[in-house]
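Structure first, commentary second.
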Amino acid sequence: MPVRVRFAPSPTGLLHVGALRTALYNFLMANRDGGQNILRIEDTDRTRYNPESEAEFISTLKWIGIEFHEGPHVGGPKAPYRQSERKEAGIYEPYWRQLLAVGKAYRAFETPQELDEMRQFQQINKMPTGYFGGEWRDASPEKVAEAEAAGKPSVIRLKIPRGEKIVIDDVVRGRLEWDSDTVDDPVLIKADGMPTYHFAAMVDDHLMEITHVLRGEEWVSSAPKHKVLFDAFGWTPPVWVHCPVIVGNDGKKLSKRHGATRVLDYGAMGILREPLKNFVALIGWAPGNDQEVMTQEELIHAFSIDRLQASPGRFDLDKLRWMNGVAIRALSPEDLWDTVSAYLADPWTKKYWSTPDPEPIPGAPDHAVVLAELETLQKAMTDQPDLARKALLLEQERVLTLAEFGAACSFFFGEEVKFEEKAVQKWFGEAHAGKMFSDFQAELSGRSEVSVEDCERMVKGWAELNGFEKLGPVVHPTRVALTGKTVGPGLFELMSALGPHEMSRRLSAAKELLRA
RNA sequence: GCUCCGGUCGUCUAGCGGUUUAGGACGUCGCCCUUUCACGGCGAAGAUCGCGGGUUCGAAUCCCGUCCGGAGUACCA
């Protein structure tokens with residue numbers, strides 16, 4: 001039987017990392033076994049509904065490469081795929097009527113205030129909290145009819161059997177067992193007629209013929225209720241797979257401090273989708289061999305739910321950055337160019353960097369500075385594509401994110417070199433610097449381009465002629481003159497990329513600084 | 001409080017009763033390469049497998065207890 005899985009988010013907020021992983025595991029599983037991946041929108045809570053949420057889920061997932069065979073945006077044989085629409089279509093009603101008719105569910109007429117008081121009482125008396133029957137679970141039909149006739153609002157609750165063991169088999173945790181007396185009667189239908197998650201999701205999972213439910217660990221405590229519901233209908237439950245939570249590197253709930261919670265922001269930070277996927281898949285799952293860097297195809301092939309971890313996983317931004325660097329370095333020159341230009345053209349990139357960091361991480365570059373550098377790079381890629389191409393290639397192995405290309409390449413394009421004070425102090429004190437710069441200028445004059453080899457010959461020749469055994473005192477001042485920095489690509493490559501004219505211009509400026 | 005779940009280097013993990021002096025990766029540190037940084041190569045430190053008992057000739061691996069951490073405890077999902 002082919003696998004049918006579903007990713008069923010509630011459209012209340014943004015797509016965060018934990019949800020991404022669940023979506024990814026669903027996707028990997030479906031694609032490995034030639035099954036179907038279904039998107040279902042669980043919008044039964046009208047008070048928390050966020051109209052932008054669904055679009056964000058779909059577009060983010062699409063960006064990362066997760067597609068669905070069925071869903072509200074693509075349709076499918078089990079449409080509609082939004083629970084609010086399914087409710088309107090009357091899909092749920094026959095099912096709760098059936099439960100009511102056979103006495104496996106009942107109407108309860110407590111007001112929210114009454115329930116509140118009940119909970120307080122339970123807490124004070126150190127009793128388990130929850131609705132274990134109240135006065136309605138076993139109320140006579142006459143009493144219920146009377147309350148209904150009086151127009152009292154009511155909910156429909158599931159009648160959890162008492163004095164039994166409820167057992168479910170979870171792929172990740174094995175056999176899970178509850179004493180049914182500790183499980184309270186959940187609301188199936190709210191007073192406004194909307195189904196709750198417990199009801200809608202189970203009915204839909206059955207109707208949509210879902211074979212495996214991969215969901216977050218926050219659902220394990222509701223699992224017995226879901227099992228009872230499947231039993232009440234006489235349906236075979238799907239295989240439940242409860243994935244552990246993802247926490248920050250300090251063990252706390254994931255927040256901005258740990259990188260970002262919103263998946264889209266990782267793209268804006270210059271994280272490529274392949275390493276992001278690769279990294280997220282590896283929190284809580286490992287293929288069992290030593291392979292870590294994997295393509296999507298390899299992930300699909302290697303993925304298996306019985307290798308899922310039961311313990312919570314931490315999100316290690318450093319490792320993500322490393323993986324991202326590996327991916328950037330693996331890009332061909334053409335792909336590198338395309339990837340960077342797409343990144344710079346993405347409106348989300350600009351939006352992200354134009355917003356000041358609400359919680360600045362010490363040592364991290366200022367958003368405004370990054371934005372300016374990225375804009376400079378983007379401009380250069382259209383105005384001076386040859387130079388920009390060389391700059392990108394020279395910095396490729398030095399950056400960990402796409403955003404870092406901005407700072408790394410900036411010295412190639414500026415009208416004026418921005419000198420780092422430390423660099424100037426360290427290398428412009430050398431007495432020979434001025435003469436050396438002039439000599440280079442003389443040698444460069446009249447030429448329109450120089451090869452890397454020419455530059456090497458020129459610099460090494462000058463060193464030999466002037467009695468320098470080590471290249472350092474020659475190379476470093478020149479680097480500072482040309483880039484303003486002490487770090488960067490190989491000097492000869494960088495010189496050749498800049499070209500004779502630009503080099504000469506910068507050497508003149510450096511000589512001015514020397515005199516001052 | 002109650003219910004359930006989890007616990008191997010700082011982090012992600014391998015391990016499924018003996019081949020384990022517990023392996024790999026990130027991070028850290030050192031060396032090499034080298035004009036710097038990075039890349040790459042080599043190497044080091046780092047986990048008595050939360051703790052305590054048992055079972056066994058033998059346990060990270062099985063059992064019990066204990067501690068710590070997490071999730072749930074809504075007419076939210």
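Residues are named by chain letter and number: chains run A, B, ... in the order of the structure tokens, numbers start at 1 in each chain, and ligands are numbered from 1 in the order shown.
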Can you check which residues of segment 44-262 of chain A DSSP gives as alpha helix (DSSP H) on the backbone and send them as a PyMOL selection string? chain A and resi 53-64+83-88+93-101+112-124+141-149+197-207+223-233
Give the residues of chain B that lie within 7 Å of chain A; count only C-alpha atoms (C1' of nucleotides), and format the answer as a PyMOL selection string. chain B and resi 1-4+6+11-14+24+26+35-39+71-73+75+77
For U20 of chain B, please output as a list in words all residues within 12 Å (counting only C-alpha atoms (C1' of nucleotides); exclusion window: fewer than 3 positions along the same chain).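 My reading of the contact set: A14, G15, G23, C49 and A60 of chain B.
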